[in-house]
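A.B. asks: Contents are mmCIF, C-alpha atoms and all ligand atoms; file name upload_31.cif:
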data_final
#
loop_
_atom_site.label_atom_id
_atom_site.label_comp_id
_atom_site.auth_asym_id
_atom_site.auth_seq_id
_atom_site.Cartn_x
_atom_site.Cartn_y
_atom_site.Cartn_z
CA MET A 1 18.39 70.94 -87.19
CA THR A 2 18.08 73.43 -84.34
CA ARG A 3 20.78 76.09 -84.45
CA VAL A 4 22.78 76.56 -81.26
CA PHE A 5 25.12 79.46 -80.44
CA SER A 6 27.41 79.51 -77.44
CA GLY A 7 30.51 81.43 -76.43
CA ILE A 8 33.42 81.33 -74.04
CA GLN A 9 35.76 84.18 -73.18
CA PRO A 10 39.44 83.66 -73.97
CA THR A 11 40.37 85.22 -70.64
CA GLY A 12 42.61 82.33 -69.58
CA ILE A 13 42.98 78.59 -69.84
CA PRO A 14 39.55 76.90 -69.55
CA HIS A 15 39.09 75.33 -66.12
CA LEU A 16 37.11 72.41 -64.83
CA GLY A 17 34.09 74.68 -64.23
CA ASN A 18 34.08 75.81 -67.87
CA TYR A 19 34.43 72.17 -68.91
CA LEU A 20 31.68 70.70 -66.72
CA GLY A 21 29.38 73.72 -66.99
CA ALA A 22 29.77 74.36 -70.72
CA ILE A 23 32.31 72.58 -72.95
CA ARG A 24 31.22 69.03 -72.12
CA ASN A 25 27.62 69.93 -72.97
CA TRP A 26 28.69 71.59 -76.21
CA VAL A 27 30.40 68.38 -77.27
CA ALA A 28 27.18 66.42 -76.60
CA LEU A 29 24.98 68.94 -78.45
CA GLN A 30 26.95 68.37 -81.66
CA ALA A 31 25.16 65.04 -82.22
CA ASP A 32 21.78 66.60 -83.05
CA HIS A 33 22.24 70.37 -83.42
CA GLU A 34 23.84 72.79 -85.85
CA CYS A 35 26.41 74.34 -83.51
CA ILE A 36 28.21 77.67 -83.68
CA PHE A 37 30.88 77.99 -81.00
CA CYS A 38 32.58 81.31 -80.49
CA LEU A 39 35.65 82.48 -78.59
CA VAL A 40 34.23 85.81 -77.50
CA ASP A 41 37.36 87.95 -77.57
CA LEU A 42 35.33 91.19 -77.83
CA HIS A 43 33.75 90.30 -74.48
CA ALA A 44 37.16 89.42 -73.03
CA LEU A 45 38.26 93.01 -73.72
CA THR A 46 35.65 94.39 -71.32
CA VAL A 47 38.31 93.87 -68.66
CA TRP A 48 41.97 94.64 -69.36
CA GLN A 49 43.81 91.99 -71.40
CA ASN A 50 47.48 92.09 -72.22
CA PRO A 51 47.47 91.84 -76.08
CA ALA A 52 50.06 89.04 -76.29
CA ASP A 53 48.21 87.10 -73.58
CA LEU A 54 44.87 87.52 -75.34
CA ARG A 55 46.33 86.05 -78.54
CA GLU A 56 47.89 83.14 -76.62
CA GLN A 57 44.71 82.49 -74.59
CA THR A 58 42.66 82.41 -77.80
CA ARG A 59 44.98 79.72 -79.20
CA GLN A 60 44.97 77.78 -75.91
CA GLN A 61 41.21 77.83 -75.77
CA THR A 62 40.91 76.67 -79.34
CA ALA A 63 43.23 73.77 -78.49
CA VAL A 64 41.24 72.81 -75.36
CA LEU A 65 37.95 72.91 -77.28
CA LEU A 66 39.31 70.71 -80.07
CA ALA A 67 40.93 68.35 -77.55
CA SER A 68 37.60 68.09 -75.71
CA GLY A 69 35.84 66.93 -78.87
CA ILE A 70 34.51 70.02 -80.66
CA ASP A 71 34.39 69.10 -84.35
CA PRO A 72 35.21 72.14 -86.53
CA ALA A 73 34.51 70.25 -89.73
CA LYS A 74 30.86 69.51 -88.92
CA HIS A 75 30.27 72.63 -86.80
CA ILE A 76 31.66 76.17 -86.61
CA LEU A 77 34.40 77.37 -84.25
CA PHE A 78 35.74 80.91 -84.62
CA ASN A 79 36.76 84.03 -82.71
CA GLN A 80 34.19 86.79 -82.40
CA SER A 81 36.31 89.75 -83.54
CA ALA A 82 36.87 88.04 -86.91
CA VAL A 83 33.17 88.40 -87.85
CA SER A 84 32.11 92.04 -88.12
CA ALA A 85 28.40 91.17 -87.91
CA HIS A 86 28.74 90.98 -84.09
CA THR A 87 29.84 94.59 -83.60
CA ARG A 88 27.49 95.92 -86.29
CA LEU A 89 24.44 94.33 -84.66
CA GLY A 90 25.83 95.02 -81.18
CA TRP A 91 25.80 98.76 -81.88
CA ILE A 92 22.22 98.67 -83.15
CA PHE A 93 21.24 96.76 -79.99
CA ASN A 94 22.99 99.38 -77.84
CA CYS A 95 20.42 101.74 -79.32
CA VAL A 96 17.45 99.38 -78.82
CA SER A 97 18.28 98.24 -75.27
CA ARG A 98 17.30 100.48 -72.32
CA LEU A 99 19.55 101.70 -69.51
CA GLY A 100 16.97 100.47 -67.00
CA TRP A 101 17.31 96.95 -68.37
CA LEU A 102 21.10 97.00 -68.11
CA ASN A 103 20.92 98.43 -64.58
CA ARG A 104 19.20 95.23 -63.48
CA MET A 105 21.95 92.89 -64.73
CA THR A 106 23.36 91.14 -61.69
CA GLN A 107 26.53 90.00 -63.45
CA PHE A 108 27.64 93.61 -63.98
CA LYS A 109 27.00 94.32 -60.32
CA ASP A 110 28.99 91.22 -59.32
CA LYS A 111 31.90 91.97 -61.63
CA ALA A 112 32.06 95.72 -61.04
CA GLY A 113 31.48 95.49 -57.29
CA LYS A 114 31.52 98.81 -55.45
CA ASP A 115 33.99 100.38 -57.88
CA ARG A 116 31.47 100.90 -60.73
CA GLU A 117 32.91 104.20 -61.94
CA ASN A 118 36.23 102.62 -62.88
CA HIS A 119 34.91 99.82 -65.05
CA SER A 120 34.75 99.93 -68.84
CA ALA A 121 31.59 101.00 -70.62
CA GLY A 122 32.03 97.72 -72.49
CA LEU A 123 31.42 95.71 -69.32
CA TYR A 124 28.15 97.58 -68.85
CA VAL A 125 26.83 97.01 -72.39
CA TYR A 126 28.20 93.45 -72.59
CA PRO A 127 24.69 91.90 -72.51
CA ASN A 128 23.69 93.88 -75.63
CA LEU A 129 26.65 92.42 -77.51
CA MET A 130 25.77 88.98 -76.21
CA ALA A 131 22.25 89.42 -77.62
CA ALA A 132 23.83 90.37 -80.95
CA ASP A 133 26.09 87.29 -80.86
CA ILE A 134 23.05 85.04 -80.73
CA LEU A 135 20.61 86.96 -82.90
CA ALA A 136 23.13 87.58 -85.69
CA TYR A 137 22.70 83.86 -86.40
CA LYS A 138 19.01 83.71 -85.47
CA ALA A 139 20.13 80.92 -83.15
CA VAL A 140 17.23 79.27 -81.37
CA ARG A 141 18.92 77.57 -78.45
CA VAL A 142 21.71 78.88 -76.27
CA PRO A 143 23.43 76.53 -73.84
CA VAL A 144 24.45 78.59 -70.82
CA GLY A 145 25.22 78.28 -67.17
CA ASP A 146 22.51 79.24 -64.71
CA ASP A 147 24.27 82.61 -64.16
CA GLN A 148 23.56 83.57 -67.78
CA ARG A 149 19.76 83.14 -67.78
CA GLN A 150 19.22 86.84 -67.09
CA HIS A 151 21.25 87.78 -70.19
CA ILE A 152 19.10 85.53 -72.37
CA GLU A 153 15.96 87.20 -70.99
CA LEU A 154 17.48 90.56 -71.89
CA ALA A 155 18.28 89.31 -75.41
CA ASN A 156 14.63 88.35 -75.81
CA ASP A 157 13.52 91.79 -74.57
CA ILE A 158 15.81 93.40 -77.14
CA ALA A 159 14.50 91.14 -79.92
CA LYS A 160 10.86 91.95 -79.02
CA LYS A 161 11.52 95.68 -78.83
CA PHE A 162 13.34 95.61 -82.17
CA ASN A 163 10.40 93.79 -83.80
CA HIS A 164 7.96 96.23 -82.22
CA ASP A 165 9.93 99.41 -83.05
CA TYR A 166 10.39 98.46 -86.70
CA GLY A 167 7.01 96.76 -87.16
CA VAL A 168 8.49 93.42 -88.21
CA GLU A 169 8.58 89.82 -87.01
CA PHE A 170 12.27 89.51 -87.71
CA PHE A 171 13.66 87.91 -84.55
CA THR A 172 12.09 84.94 -82.82
CA GLU A 173 12.43 83.93 -79.20
CA ILE A 174 15.68 82.42 -77.92
CA GLU A 175 15.60 79.51 -75.52
CA ALA A 176 18.16 79.37 -72.72
CA PHE A 177 19.26 75.79 -72.47
CA VAL A 178 20.68 75.01 -69.04
CA PRO A 179 21.57 71.33 -69.26
CA PRO A 180 20.27 69.40 -66.24
CA GLN A 181 23.74 68.13 -65.36
CA ALA A 182 25.35 71.57 -65.74
CA ALA A 183 27.42 71.66 -62.62
CA ARG A 184 28.28 74.95 -60.96
CA VAL A 185 31.83 74.40 -59.83
CA MET A 186 33.09 76.50 -56.96
CA SER A 187 36.58 77.79 -56.15
CA LEU A 188 38.85 75.30 -54.38
CA ARG A 189 39.88 78.08 -51.99
CA ASP A 190 36.44 79.51 -51.19
CA GLY A 191 33.28 77.46 -51.60
CA SER A 192 31.12 80.57 -51.85
CA LYS A 193 32.82 81.84 -55.06
CA LYS A 194 32.57 80.15 -58.45
CA MET A 195 35.71 78.71 -60.02
CA SER A 196 36.94 81.42 -62.36
CA LYS A 197 39.75 81.99 -64.88
CA SER A 198 40.38 85.45 -63.52
CA ASP A 199 40.71 84.43 -59.85
CA ALA A 200 44.17 85.65 -58.74
CA SER A 201 44.89 82.30 -57.07
CA ALA A 202 45.88 79.51 -59.48
CA GLN A 203 45.20 77.12 -56.56
CA SER A 204 41.51 78.02 -56.74
CA ARG A 205 40.93 76.21 -60.03
CA ILE A 206 41.84 73.08 -61.97
CA ASP A 207 42.95 74.08 -65.46
CA MET A 208 42.13 71.73 -68.31
CA THR A 209 45.87 71.66 -69.09
CA ASP A 210 46.97 70.61 -65.58
CA ASP A 211 49.01 67.40 -65.33
CA ALA A 212 48.37 64.67 -62.76
CA ASP A 213 50.87 66.06 -60.20
CA THR A 214 49.40 69.55 -60.38
CA ILE A 215 45.85 68.24 -60.00
CA SER A 216 46.91 66.10 -57.05
CA LEU A 217 48.59 69.06 -55.32
CA LYS A 218 45.65 71.42 -55.91
CA ILE A 219 43.15 68.89 -54.55
CA ARG A 220 45.34 68.15 -51.53
CA ARG A 221 45.48 71.88 -50.80
CA ALA A 222 41.76 72.45 -51.48
CA LYS A 223 40.10 74.12 -48.51
CA THR A 224 37.96 71.81 -46.36
CA ASP A 225 36.78 71.70 -42.77
CA ALA A 226 37.89 69.32 -40.02
CA GLU A 227 34.76 67.10 -39.96
CA PRO A 228 34.62 63.77 -41.85
CA LEU A 229 32.18 63.46 -44.77
CA PRO A 230 28.54 63.08 -43.69
CA SER A 231 26.39 60.16 -44.80
CA SER A 232 23.54 62.28 -46.13
CA LEU A 233 23.07 65.56 -48.01
CA GLU A 234 21.71 67.43 -44.95
CA GLY A 235 25.16 67.09 -43.44
CA LEU A 236 26.61 69.21 -46.26
CA GLU A 237 24.53 72.29 -45.43
CA GLU A 238 26.75 75.12 -44.18
CA ARG A 239 29.79 73.23 -45.55
CA PRO A 240 30.25 74.81 -49.02
CA GLU A 241 33.78 73.48 -49.63
CA ALA A 242 32.82 69.89 -48.74
CA ARG A 243 29.67 70.22 -50.87
CA ASN A 244 31.74 71.39 -53.83
CA LEU A 245 34.16 68.44 -53.64
CA VAL A 246 31.30 65.95 -53.27
CA GLY A 247 29.52 67.59 -56.22
CA LEU A 248 32.68 67.38 -58.34
CA TYR A 249 33.21 63.72 -57.48
CA ALA A 250 29.57 62.97 -58.31
CA VAL A 251 29.70 64.61 -61.75
CA LEU A 252 33.05 63.08 -62.67
CA ALA A 253 32.15 59.57 -61.45
CA GLY A 254 28.64 59.67 -62.97
CA LEU A 255 26.98 59.32 -59.55
CA THR A 256 24.47 61.36 -57.59
CA PRO A 257 25.80 63.25 -54.53
CA GLU A 258 23.70 60.90 -52.38
CA GLN A 259 25.47 57.88 -53.87
CA VAL A 260 28.85 59.52 -53.24
CA LEU A 261 27.94 59.99 -49.58
CA THR A 262 26.70 56.42 -49.30
CA GLN A 263 30.11 55.27 -50.56
CA HIS A 264 32.32 57.79 -48.73
CA GLY A 265 30.29 59.00 -45.72
CA GLY A 266 32.32 58.86 -42.53
CA GLU A 267 35.61 59.09 -44.46
CA GLY A 268 38.14 61.80 -43.70
CA PHE A 269 39.15 64.20 -46.48
CA GLY A 270 42.55 62.51 -46.99
CA PRO A 271 41.24 59.34 -48.70
CA PHE A 272 38.30 61.15 -50.30
CA LYS A 273 40.61 63.70 -51.91
CA GLN A 274 42.74 60.86 -53.28
CA ALA A 275 39.65 59.23 -54.84
CA LEU A 276 38.60 62.61 -56.26
CA THR A 277 42.09 63.18 -57.71
CA ASP A 278 42.03 59.79 -59.44
CA VAL A 279 38.68 60.36 -61.14
CA MET A 280 39.65 63.93 -62.08
CA VAL A 281 42.99 62.91 -63.59
CA ALA A 282 41.25 60.19 -65.61
CA HIS A 283 39.00 62.88 -67.17
CA ILE A 284 41.51 65.68 -67.64
CA GLU A 285 44.75 63.91 -68.55
CA PRO A 286 43.73 62.85 -72.10
CA ILE A 287 42.37 66.34 -72.85
CA ALA A 288 45.49 68.01 -71.42
CA GLN A 289 47.79 65.77 -73.47
CA GLU A 290 45.91 66.41 -76.70
CA THR A 291 45.85 70.15 -75.93
CA ARG A 292 49.65 70.16 -75.58
CA ARG A 293 49.98 68.33 -78.91
CA LEU A 294 47.65 70.76 -80.69
CA LEU A 295 49.48 73.78 -79.27
CA GLU A 296 52.60 72.69 -81.12
CA ASP A 297 50.83 73.45 -84.41
CA VAL A 298 49.74 77.07 -84.12
CA PRO A 299 49.18 77.53 -87.91
CA HIS A 300 46.65 74.67 -87.78
CA LEU A 301 44.80 76.23 -84.81
CA GLU A 302 44.67 79.60 -86.53
CA SER A 303 43.45 78.09 -89.78
CA VAL A 304 40.60 76.34 -87.92
CA LEU A 305 39.51 79.73 -86.58
CA ARG A 306 39.87 81.49 -89.96
CA ASP A 307 37.82 78.82 -91.70
CA GLY A 308 35.18 79.04 -88.95
CA ALA A 309 35.00 82.82 -89.31
CA VAL A 310 34.37 82.58 -93.06
CA ARG A 311 31.52 80.12 -92.49
CA ALA A 312 30.10 82.14 -89.58
CA SER A 313 30.13 85.32 -91.71
CA ALA A 314 28.27 83.53 -94.47
CA ILE A 315 25.38 83.00 -92.03
CA ALA A 316 25.48 86.26 -90.07
CA ASP A 317 26.22 88.80 -92.82
CA PRO A 318 22.90 88.44 -94.69
CA ILE A 319 20.94 88.57 -91.39
CA VAL A 320 22.72 91.67 -90.12
CA SER A 321 22.60 93.34 -93.55
CA GLU A 322 18.83 92.92 -93.46
CA VAL A 323 18.71 94.47 -89.97
CA GLU A 324 20.75 97.41 -91.27
CA ARG A 325 18.30 97.84 -94.14
CA LEU A 326 15.34 97.67 -91.73
CA VAL A 327 16.76 100.41 -89.50
CA GLY A 328 17.31 102.66 -92.51
CA PHE A 329 21.01 102.51 -93.30
CA LEU A 330 21.72 103.30 -96.95
CA LYS A 331 23.34 100.32 -98.64
N1 LIG B 401 32.61 77.77 -62.11
C1 LIG B 401 31.82 77.44 -63.12
N2 LIG B 401 30.99 76.37 -63.01
C2 LIG B 401 30.19 76.01 -64.05
N3 LIG B 401 30.16 76.66 -65.24
C3 LIG B 401 30.98 77.72 -65.40
N4 LIG B 401 31.19 78.56 -66.42
C4 LIG B 401 32.12 79.46 -66.06
N5 LIG B 401 32.54 79.25 -64.81
C5 LIG B 401 31.85 78.17 -64.36
C6 LIG B 401 30.51 78.47 -67.72
O1 LIG B 401 31.51 78.47 -68.72
C7 LIG B 401 31.00 79.11 -69.89
C8 LIG B 401 32.02 80.07 -70.42
O2 LIG B 401 32.28 81.04 -69.45
P1 LIG B 401 33.03 82.37 -69.86
O3 LIG B 401 34.46 82.12 -69.97
O4 LIG B 401 32.41 82.95 -71.07
O5 LIG B 401 32.69 83.40 -68.72
P2 LIG B 401 32.62 83.29 -67.17
O6 LIG B 401 31.34 82.62 -66.77
O7 LIG B 401 32.84 84.66 -66.66
O8 LIG B 401 33.82 82.31 -66.81
P3 LIG B 401 35.06 82.58 -65.87
O9 LIG B 401 35.91 81.38 -65.89
O10 LIG B 401 34.60 83.07 -64.54
O11 LIG B 401 35.83 83.69 -66.64
P4 LIG B 401 36.31 85.10 -66.15
O12 LIG B 401 37.12 84.84 -64.92
O13 LIG B 401 37.11 85.66 -67.27
O14 LIG B 401 35.08 85.93 -65.86
C9 LIG B 401 29.67 79.78 -69.49
O15 LIG B 401 28.60 79.00 -70.01
C10 LIG B 401 29.68 79.73 -67.99
O16 LIG B 401 28.36 79.61 -67.46
#
Take the structure in this file and express it as structure tokens.
C.D. replies:
Amino acid sequence: MTRVFSGIQPTGIPHLGNYLGAIRNWVALQADHECIFCLVDLHALTVWQNPADLREQTRQQTAVLLASGIDPAKHILFNQSAVSAHTRLGWIFNCVSRLGWLNRMTQFKDKAGKDRENHSAGLYVYPNLMAADILAYKAVRVPVGDDQRQHIELANDIAKKFNHDYGVEFFTEIEAFVPPQAARVMSLRDGSKKMSKSDASAQSRIDMTDDADTISLKIRRAKTDAEPLPSSLEGLEERPEARNLVGLYAVLAGLTPEQVLTQHGGEGFGPFKQALTDVMVAHIEPIAQETRRLLEDVPHLESVLRDGAVRASAIADPIVSEVERLVGFLK
């Protein structure tokens, strides 16, 4: 079976964007792949995290993943810092990767903005660690959002350079797997920004733990314009907030955006937002309820992660030990 690796940062409660763009696809991949799912807490640390919050967010994320249908008995779910192979290979990749390559990473530019000098060195070398996350397992396929394609290309550049520098065919090419239905969900407050855990406004996102009243309020307050919904897609150009809500309805209702507009074109946002709330609550409510139940049993959540880390180490340790031998470390 093809081995898949994918990660999510425990930087907050997973939101609808994480769910539709990643988690939902992970659940589906379990049917015919060997899956390794990782809560990438080392990556989370690239921006400041309050220690108590980081621990809590790691538990919350574990609960949301389990509630969404990740099966830790058949697959592996663990937190990155618990498996030392990631940092060991990450350091070696810091020495293989080139500054010029990292300088081209658009995500660093987006996250650091104009204030580059004040960001952590970790944020800059993040893509090298991400390459290590995948290659420590010799994973073949990596489900990612469209924004992560560039990091997978970098991981392949690192793998090729490693093979070339050490005269081996040790790493093989990784395939970025961007599922066709991977929706890019935008902020409810600004249709030009993606929905994000770290957005200061809680109103900008739907958390996977939100109850029906909270979802209803957030959708009612979601930014829109004054025009009714158009009847065709051309009418959504230059209307990013309307496009986002139509896109969300389409994904959640299993329709195409065109079908949504056929059904709701000409409608004002009041009734459309109510229909969107209903379909959203139907998706999120069962996951939110199960998440709340799981969070009452913290020892169970932590034991799932510990067990996952042992099984992840059993795969990654021999691979990374071989890399260490190849580069000349005395064992
Ligand atoms: N808005 C989004 N729409 C679709 N997919 C998304 N993903 C994130 N936001 C959206 C996908 O979720 C997976 C895990 O993301 P992550 O937590 O590792 O990092 P991120 O992309 O930086 O997510 P956030 O929510 O924006 O976190 P913060 O605020 O901490 O940076 C990835 O596959 C991502 O594509």
A.B. asks: Counting all atoms listed in the file, name the residues that have an atom within 9 Å of an atom of ligand LIG 401 (chain B); the answer should be given as a PyMOL selection string.
C.D. replies: chain A and resi 6-23+39-40+43-44+47+107+111+143-148+178+182-187+193-199+205
A.B. asks: Using all atoms listed in the file for the distances, tell me which of A:Thr106, A:Ser231, A:Gln57, A:Thr62 is nearest to Asp297 of chain A.
C.D. replies: A:Thr62
A.B. asks: Each residue of segment 235-309 of chain A with at least one atom at most 6 Å from segment 64-78 of chain A should appear once, together with its nearest atom pair and the corresponding distance in Å (one decimal); atoms considered: only C-alpha atoms; ordering: chain, then increasing residue number; output as JSON lines.
C.D. replies:
{"residue": "A:Ile287", "atom": "CA", "partner": "A:Ala67", "partner_atom": "CA", "distance": 5.3}
{"residue": "A:Glu290", "atom": "CA", "partner": "A:Ala67", "partner_atom": "CA", "distance": 5.4}
{"residue": "A:Thr291", "atom": "CA", "partner": "A:Val64", "partner_atom": "CA", "distance": 5.4}
{"residue": "A:Leu305", "atom": "CA", "partner": "A:Phe78", "partner_atom": "CA", "distance": 4.4}
{"residue": "A:Gly308", "atom": "CA", "partner": "A:Phe78", "partner_atom": "CA", "distance": 4.7}
{"residue": "A:Ala309", "atom": "CA", "partner": "A:Phe78", "partner_atom": "CA", "distance": 5.1}
A.B. asks: My list of candidates is A:Gln61, A:Thr224, A:Ser232, A:Thr256. Which is closest to Lys273 of chain A when distances are computed with all atoms listed in the file?
C.D. replies: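 Residue with the minimum atom-to-atom distance to Lys273 of chain A: A:Thr224.
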A.B. asks: Measuring between all atoms listed in the file, which one of A:Thr209, A:Asn103, A:Asn128, A:Thr46 shows the shortest distance to Arg292 of chain A?
C.D. replies: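 Of A:Thr209, A:Asn103, A:Asn128, A:Thr46, the one nearest Arg292 of chain A, counting all atoms listed in the file, is A:Thr209.
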A.B. asks: Return the single residue from A:Pro318, A:Pro127, A:Gly254, A:Gly122 that is closest to Arg98 of chain A, with distances computed using all atoms listed in the file.
C.D. replies: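 Distance minimum relative to Arg98 of chain A lands on A:Pro127.
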A.B. asks: How many Å lie between atom CA of Val4 of chain A and atom CA of Arg141 of chain A, rounded to one decimal?
C.D. replies: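 Between atom CA of Val4 of chain A and atom CA of Arg141 of chain A the gap is 4.9 Å.
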A.B. asks: Choose the residue, out of A:Glu169, A:Glu237, A:Glu296, A:Asp41, that has the smallest atom-to-atom separation from Gly191 of chain A; count all atoms listed in the file.
C.D. replies: A:Glu237
A.B. asks: Which residue, A:Ala222, A:Ala82, A:Leu135, A:Ala121, has the smallest gap to Val310 of chain A when you use all atoms listed in the file?
C.D. replies: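 Checking each of A:Ala222, A:Ala82, A:Leu135, A:Ala121 against Val310 of chain A, counting all atoms listed in the file, the winner is A:Ala82.
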A.B. asks: State, in Å with one decimal place, the distance from atom CA of Glu56 of chain A to atom CA of His86 of chain A.
C.D. replies: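 If I compute the distance from atom CA of Glu56 of chain A to atom CA of His86 of chain A, I get 22.0 Å.
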A.B. asks: Taking the point (33.0, 63.8, -45.1) as given in the file, collect each protein or nucleic acid residue that comes within 10 Å of it, counting all atoms listed in the file, and present the set as a list in words.
C.D. replies: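 Answer for this query, in the requested form: Thr224, Asp225, Ala226, Glu227, Pro228, Leu229, Pro230, Ser231, Ser232, Gly235, Leu236, Arg239, Ala242, Arg243, Leu245, Val246, Leu261, His264, Gly265, Gly266, Glu267, Gly268, Phe269, Gly270 and Phe272 of chain A.
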A.B. asks: Since we have the selection now, will you write its residues out, keeping C-alpha atoms, as a short mmCIF file (atom, residue, chain, number, x, y, z; two decimals), in the coordinates of the input?
C.D. replies:
data_model
loop_
_atom_site.label_atom_id
_atom_site.label_comp_id
_atom_site.auth_asym_id
_atom_site.auth_seq_id
_atom_site.Cartn_x
_atom_site.Cartn_y
_atom_site.Cartn_z
CA THR A 224 37.96 71.81 -46.36
CA ASP A 225 36.78 71.70 -42.77
CA ALA A 226 37.89 69.32 -40.02
CA GLU A 227 34.76 67.10 -39.96
CA PRO A 228 34.62 63.77 -41.85
CA LEU A 229 32.18 63.46 -44.77
CA PRO A 230 28.54 63.08 -43.69
CA SER A 231 26.39 60.16 -44.80
CA SER A 232 23.54 62.28 -46.13
CA GLY A 235 25.16 67.09 -43.44
CA LEU A 236 26.61 69.21 -46.26
CA ARG A 239 29.79 73.23 -45.55
CA ALA A 242 32.82 69.89 -48.74
CA ARG A 243 29.67 70.22 -50.87
CA LEU A 245 34.16 68.44 -53.64
CA VAL A 246 31.30 65.95 -53.27
CA LEU A 261 27.94 59.99 -49.58
CA HIS A 264 32.32 57.79 -48.73
CA GLY A 265 30.29 59.00 -45.72
CA GLY A 266 32.32 58.86 -42.53
CA GLU A 267 35.61 59.09 -44.46
CA GLY A 268 38.14 61.80 -43.70
CA PHE A 269 39.15 64.20 -46.48
CA GLY A 270 42.55 62.51 -46.99
CA PHE A 272 38.30 61.15 -50.30
#
A.B. asks: Report the distance between atom CA of Tyr166 of chain A and atom CA of Ile319 of chain A in Å, rounded to one decimal place.
C.D. replies: 15.2 Å
A.B. asks: Which polymer residues have any atom within 9 Å of an atom of Ala155 of chain A, counting only C-alpha atoms, with same-chain residues fewer than 6 positions away left out, as JSON, numbers by chain?
C.D. replies: {"A": [97, 127, 128, 130, 131, 132, 134, 135, 173, 174]}
A.B. asks: Within 9 Å of (18.7, 98.7, -88.3) (coordinates as in the file), grab all the protein and nucleic acid residues, counting all atoms listed in the file, and write them out as a list in words.
C.D. replies: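 Answer for this query, in the requested form: Leu89, Ile92, Phe93, Phe162, Tyr166, Val320, Ser321, Glu322, Val323, Glu324, Arg325, Leu326, Val327, Gly328 and Phe329 of chain A.
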